[in-house]
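*Asks:* File model.cif follows (mmCIF, C-alpha atoms and all ligand atoms):
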data_final
#
loop_
_atom_site.label_atom_id
_atom_site.label_comp_id
_atom_site.auth_asym_id
_atom_site.auth_seq_id
_atom_site.Cartn_x
_atom_site.Cartn_y
_atom_site.Cartn_z
CA MET A 1385 83.21 10.68 287.88
CA MET A 1386 80.32 8.33 287.25
CA THR A 1387 80.66 5.28 289.39
CA GLU A 1388 77.71 3.23 288.27
CA ILE A 1389 76.30 2.28 284.90
CA SER A 1390 72.81 3.07 286.22
CA LEU A 1391 73.88 6.73 286.69
CA ASN A 1392 75.14 6.82 283.10
CA VAL A 1393 71.76 5.49 282.03
CA LEU A 1394 70.05 8.24 284.02
CA ASP A 1395 72.20 10.90 282.35
CA VAL A 1396 71.70 9.56 278.83
CA ALA A 1397 67.94 9.20 279.38
CA GLN A 1398 67.90 12.80 280.59
CA ASN A 1399 69.39 13.77 277.22
CA SER A 1400 66.40 12.01 275.62
CA ILE A 1401 64.00 13.91 277.87
CA ARG A 1402 65.71 17.20 276.99
CA ALA A 1403 65.40 16.21 273.33
CA GLY A 1404 61.61 16.20 273.77
CA ALA A 1405 61.13 12.44 273.48
CA SER A 1406 57.66 11.03 274.16
CA ARG A 1407 58.97 7.46 274.18
CA ILE A 1408 62.23 6.17 275.64
CA ILE A 1409 63.30 2.54 275.32
CA ILE A 1410 65.94 1.24 277.74
CA ASP A 1411 67.25 -2.25 277.20
CA ILE A 1412 69.85 -3.83 279.50
CA GLN A 1413 71.11 -7.32 278.74
CA VAL A 1414 73.60 -9.26 280.80
CA SER A 1415 75.17 -12.26 279.10
CA HIS A 1416 77.60 -14.44 281.03
CA LYS A 1417 78.14 -16.64 278.01
CA GLU A 1418 79.19 -13.70 275.82
CA ASP A 1419 80.83 -11.96 278.81
CA ARG A 1420 79.11 -8.69 278.17
CA LEU A 1421 76.67 -6.18 279.52
CA LYS A 1422 74.84 -4.32 276.78
CA VAL A 1423 72.84 -1.13 277.26
CA ILE A 1424 70.69 0.43 274.55
CA ILE A 1425 68.83 3.69 275.10
CA SER A 1426 66.70 4.91 272.24
CA ASP A 1427 64.30 7.80 271.92
CA ASN A 1428 62.01 9.55 269.48
CA GLY A 1429 63.26 13.01 270.40
CA CYS A 1430 64.64 15.76 268.19
CA GLY A 1431 67.73 13.78 267.17
CA MET A 1432 70.97 15.33 266.00
CA THR A 1433 72.30 16.59 262.71
CA ASP A 1434 75.46 14.97 261.35
CA SER A 1435 77.55 17.92 262.56
CA GLN A 1436 76.08 17.74 266.08
CA LEU A 1437 76.67 14.01 266.09
CA ALA A 1438 80.29 14.54 265.11
CA HIS A 1439 80.86 16.54 268.32
CA VAL A 1440 78.83 14.48 270.71
CA ASP A 1441 81.71 12.61 272.32
CA ASP A 1442 83.70 15.80 272.76
CA PRO A 1443 83.82 16.43 276.54
CA PHE A 1444 83.02 20.11 276.12
CA TYR A 1445 80.22 19.80 273.62
CA SER A 1446 76.78 20.62 274.92
CA THR A 1447 73.71 22.38 273.56
CA ARG A 1448 72.63 23.03 277.10
CA THR A 1449 72.73 26.66 278.17
CA THR A 1450 72.50 26.00 281.90
CA ARG A 1451 75.31 24.27 283.76
CA THR A 1452 77.15 23.46 280.55
CA ILE A 1453 79.12 20.29 281.08
CA GLY A 1454 78.66 17.84 278.26
CA LEU A 1455 80.16 14.82 279.94
CA GLY A 1456 77.28 12.35 279.91
CA ILE A 1457 78.10 10.75 276.56
CA PRO A 1458 81.92 10.87 276.95
CA PHE A 1459 81.72 9.13 280.36
CA PHE A 1460 79.46 6.42 279.05
CA LYS A 1461 81.66 5.88 276.00
CA ASN A 1462 84.86 5.83 278.04
CA GLY A 1463 83.35 3.49 280.63
CA ALA A 1464 82.46 0.96 277.95
CA GLU A 1465 85.63 1.28 275.90
CA MET A 1466 87.98 0.96 278.87
CA THR A 1467 86.62 -2.56 279.40
CA GLY A 1468 87.40 -3.49 275.80
CA GLY A 1469 83.76 -2.96 274.87
CA THR A 1470 82.18 -0.75 272.23
CA PHE A 1471 80.10 2.40 272.03
CA SER A 1472 77.98 3.84 269.24
CA ILE A 1473 75.35 6.49 268.62
CA LYS A 1474 72.92 6.60 265.76
CA SER A 1475 70.86 9.72 265.39
CA GLU A 1476 68.68 11.38 262.82
CA ALA A 1477 67.43 14.95 263.09
CA GLY A 1478 63.68 14.97 263.64
CA LYS A 1479 63.52 11.22 264.26
CA GLY A 1480 65.47 10.25 267.34
CA THR A 1481 68.62 8.82 268.80
CA GLU A 1482 69.92 5.40 269.78
CA VAL A 1483 72.89 5.00 272.11
CA THR A 1484 74.50 1.57 272.50
CA ALA A 1485 77.20 0.73 275.05
CA VAL A 1486 78.70 -2.73 275.39
CA PHE A 1487 80.81 -3.46 278.47
CA VAL A 1488 82.99 -6.53 278.92
CA LEU A 1489 81.26 -8.06 281.94
CA SER A 1490 84.28 -9.61 283.65
CA HIS A 1491 86.70 -6.71 283.07
CA ILE A 1492 88.24 -5.48 286.30
CA ASP A 1493 87.59 -1.82 285.40
CA ARG A 1494 83.93 -2.30 284.55
CA MET A 1495 81.67 -0.09 286.64
CA PRO A 1496 78.97 -1.99 288.48
CA LEU A 1497 75.47 -1.75 287.06
CA GLY A 1498 74.42 -0.18 290.36
CA ASP A 1499 70.90 0.69 291.42
CA ILE A 1500 69.08 0.47 288.11
CA THR A 1501 65.77 0.02 289.93
CA SER A 1502 66.09 3.49 291.51
CA THR A 1503 67.13 4.99 288.19
CA MET A 1504 64.09 3.54 286.41
CA LEU A 1505 61.77 4.42 289.26
CA SER A 1506 62.79 8.07 289.19
CA LEU A 1507 62.76 8.30 285.38
CA ILE A 1508 59.26 6.82 285.24
CA THR A 1509 57.66 8.61 288.17
CA CYS A 1510 59.20 12.03 287.42
CA ASN A 1511 58.20 11.97 283.74
CA GLU A 1512 54.63 10.76 283.67
CA ASN A 1513 54.01 12.16 280.20
CA ILE A 1514 56.78 10.01 278.70
CA ASP A 1515 56.29 6.34 277.79
CA PHE A 1516 59.12 4.12 278.99
CA VAL A 1517 59.76 0.63 277.72
CA TYR A 1518 62.33 -0.93 280.02
CA THR A 1519 63.77 -4.41 279.50
CA TYR A 1520 66.21 -6.15 281.80
CA GLY A 1521 67.59 -9.51 280.77
CA VAL A 1522 70.05 -11.96 282.26
CA ASP A 1523 71.23 -14.75 280.00
CA ASN A 1524 68.14 -16.31 278.45
CA ARG A 1525 65.47 -14.61 280.55
CA SER A 1526 64.16 -11.06 280.62
CA PHE A 1527 61.28 -8.89 281.75
CA THR A 1528 59.83 -5.76 280.22
CA LEU A 1529 58.01 -2.93 281.90
CA ASP A 1530 55.99 -0.85 279.46
CA THR A 1531 54.48 2.18 281.19
CA ARG A 1532 51.71 2.27 278.56
CA GLU A 1533 50.32 -0.87 280.23
CA PHE A 1534 50.29 0.90 283.61
CA ARG A 1535 48.70 3.96 282.06
CA LYS A 1536 45.87 1.87 280.62
CA ILE A 1537 45.02 0.53 284.06
CA LEU A 1538 45.67 3.72 286.04
CA GLY A 1539 43.93 6.25 283.80
CA ASP A 1540 45.03 9.61 285.11
CA ILE A 1541 46.05 8.47 288.58
CA SER A 1542 49.54 9.86 289.26
CA TYR A 1543 52.60 7.64 289.58
CA GLN A 1544 53.42 9.78 292.60
CA GLU A 1545 50.48 8.31 294.54
CA PRO A 1546 52.20 6.30 297.28
CA ASP A 1547 50.42 3.03 296.42
CA VAL A 1548 51.25 3.37 292.74
CA TYR A 1549 54.83 4.49 293.41
CA ASN A 1550 55.42 1.51 295.72
CA TYR A 1551 53.80 -0.86 293.28
CA ILE A 1552 56.14 0.26 290.46
CA LYS A 1553 59.14 0.08 292.79
CA GLU A 1554 58.30 -3.46 293.92
CA TYR A 1555 57.50 -4.55 290.38
CA LEU A 1556 60.94 -3.40 289.20
CA GLN A 1557 62.78 -4.88 292.18
CA GLU A 1558 61.01 -8.25 292.25
CA HIS A 1559 61.45 -8.89 288.54
CA LYS A 1560 65.10 -7.90 288.68
CA ASP A 1561 65.76 -10.10 291.72
CA ASP A 1562 64.03 -12.98 289.98
CA LEU A 1563 66.45 -12.67 287.06
CA ASP A 1564 69.75 -12.01 288.86
CA GLN A 1565 68.93 -13.42 292.33
CA GLY A 1566 69.79 -9.99 293.76
CA LYS A 1567 73.41 -10.56 292.82
CA TYR A 1568 75.75 -7.58 292.51
CA ILE A 1569 76.23 -7.08 288.78
N1 LIG B 1 69.22 11.71 272.85
C1 LIG B 1 69.66 12.86 272.35
N2 LIG B 1 68.91 13.58 271.49
C2 LIG B 1 69.35 14.76 270.99
N3 LIG B 1 70.53 15.32 271.31
C3 LIG B 1 71.32 14.67 272.17
C4 LIG B 1 70.95 13.41 272.73
N4 LIG B 1 71.96 13.01 273.55
C5 LIG B 1 72.89 13.94 273.49
N5 LIG B 1 72.54 14.96 272.67
C6 LIG B 1 73.33 16.17 272.37
O1 LIG B 1 74.66 15.94 272.81
C7 LIG B 1 75.06 16.93 273.77
C8 LIG B 1 76.01 16.30 274.76
O2 LIG B 1 75.35 15.35 275.61
P1 LIG B 1 76.01 14.97 276.99
O3 LIG B 1 77.37 14.44 276.73
O4 LIG B 1 75.10 14.09 277.79
O5 LIG B 1 76.20 16.36 277.71
P2 LIG B 1 75.10 17.37 278.30
O6 LIG B 1 73.83 16.56 278.52
O7 LIG B 1 75.72 17.80 279.59
O8 LIG B 1 74.93 18.46 277.29
C9 LIG B 1 73.74 17.42 274.36
O9 LIG B 1 73.87 18.73 274.87
C10 LIG B 1 72.83 17.37 273.14
O10 LIG B 1 73.03 18.49 272.30
MG MG B 2 73.74 14.63 279.31
#
Starting from the file, lay out its structure as structure tokens.
Ligand SMILES: Nc1ncnc2c1ncn2[C@@H]1O[C@H](COP(=O)(O)OP(=O)(O)O)[C@@H](O)[C@H]1O
Ligand SMILES: [Mg+2]
*Replies:*
Amino acid sequence: MMTEISLNVLDVAQNSIRAGASRIIIDIQVSHKEDRLKVIISDNGCGMTDSQLAHVDDPFYSTRTTRTIGLGIPFFKNGAEMTGGTFSIKSEAGKGTEVTAVFVLSHIDRMPLGDITSTMLSLITCNENIDFVYTYGVDNRSFTLDTREFRKILGDISYQEPDVYNYIKEYLQEHKDDLDQGKYI
């Protein structure tokens, strides 16, 4: 069972990677006023046909041939809906996919956001050929990390270089802490 929203994000972003995306946008917005936590993950991967899309929240549906499980989407959907939130997927074959999960922030059964910094750090540094646009917002403030900006500065220096890796890690952590004061969300 997934215990953290950040692990759901990792799983859903891995679907995007498997779908051949070259750009993945991850947007996480926490609103105390609206009492919700909204996650949008969109990609420009292969997308799904209407008939694939119709099966996507079936726990046993998977186009994977190795370790067939197919629970990433159903867990995310269930996690959001059990809080009284909503879940939706838009997808177009050949264009891409957008997954939106809205959690009711104060609901007792809401999973914690968890270690989103580690999730983003591993997505970014393990997939250097993919552009990530990551936004984290709390109430009226947000920050965005666009790996294309890093790429411009770094040229072909690897994200796995310790100095670069640590820079990205600190960048993610410091901006997040600035927005949520390191609070457990
Ligand atoms: N972003 C996406 N782009 C294209 N197909 C997707 C995407 N996300 C999910 N799918 C399709 O939905 C199926 C189910 O996804 P998921 O529930 O995460 O299970 P799994 O990843 O284990 O197959 C995938 O196997 C894939 O066929
Ligand atoms: Mg999956």
*Asks:* Residues at most 9 Å from ligand MG 2 (chain B), using all atoms listed in the file? Could they come as a PyMOL selection string?
*Replies:* chain A and resi 1392+1394-1400+1402+1446+1448+1453-1457
*Asks:* Compile the contact shell of range 1551-1557 of chain A as a ChimeraX atom specification: residues with an atom at most 12 Å away, counting all atoms listed in the file, same-chain residues fewer than 5 positions apart removed.
*Replies:* /A:1499-1509,1518-1520,1526-1531,1533-1535,1538,1542-1546,1562-1566
*Asks:* Report the distance between atom C9 of ligand LIG 1 (chain B) and CA of Tyr1549 in chain A in Å, rounded to one decimal place.
*Replies:*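 About the pair atom C9 of ligand LIG 1 (chain B) and CA of Tyr1549 in chain A: they are 29.8 Å apart.
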*Asks:* Residues within 10 Å of ligand LIG 1 (chain B) (all atoms listed in the file), as a ChimeraX atom specification?
*Replies:* /A:1392,1394-1405,1408,1425-1433,1436-1461,1473-1483
*Asks:* How many Å lie between CA of Gly1498 in chain A and CA of Lys1560 in chain A, rounded to one decimal?
*Replies:*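 We find that CA of Gly1498 in chain A and CA of Lys1560 in chain A lie 12.2 Å from each other.
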*Asks:* Report the distance between CA of Ile1492 in chain A and CA of Val1423 in chain A in Å, rounded to one decimal place.
*Replies:* 18.4 Å
*Asks:* Calculate, to one decimal in Å, the centre and edge lengths of the box along x, y and z of the file that holds all listed atoms of range 1479-1491 of chain A with 4 Å of margin on each side, and present them as lines of an AutoDock Vina configuration file.
*Replies:*
center_x = 75.1
center_y = 0.8
center_z = 274.0
size_x = 31.2
size_y = 28.8
size_z = 27.4
*Asks:* With distances taken over only C-alpha atoms, which residue among A:Ile1569, A:Ile1412, A:Ile1541, A:Ile1514 lies nearest Met1495 in chain A?
*Replies:*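 Closest candidate: A:Ile1569.
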*Asks:* Nearest residue to Ile1409 in chain A out of A:Leu1391, A:Met1466, A:Leu1421, A:Val1517, using only C-alpha atoms?
*Replies:*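 The closest residue to Ile1409 in chain A is A:Val1517.
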*Asks:* So which one's closest to Asn1511 in chain A, A:Arg1407, A:Leu1497, A:Asp1419, A:Gly1539? Using all atoms listed in the file, please.
*Replies:*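 Comparing A:Arg1407, A:Leu1497, A:Asp1419, A:Gly1539 against Asn1511 in chain A, the winner is A:Arg1407.
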*Asks:* Which is closer to Arg1532 in chain A than all the others in A:Glu1418, A:Asp1561, A:Asp1493, A:Glu1512, using all atoms listed in the file?
*Replies:*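 Closest to Arg1532 in chain A of all the choices is A:Glu1512.
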*Asks:* Which residue is closest to Ser1415 in chain A? Choose from A:Thr1467, A:Asn1550, A:Asn1513, A:Ser1490 and count all atoms listed in the file.
*Replies:*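 Selected residue with least distance to Ser1415 in chain A: A:Ser1490.
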*Asks:* May I ask which of the residues A:Pro1496, A:Ser1435, A:Glu1388, A:Arg1420 is the closest one to Gly1468 in chain A, counting all atoms listed in the file?
*Replies:*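 Comparing A:Pro1496, A:Ser1435, A:Glu1388, A:Arg1420 against Gly1468 in chain A, the winner is A:Arg1420.
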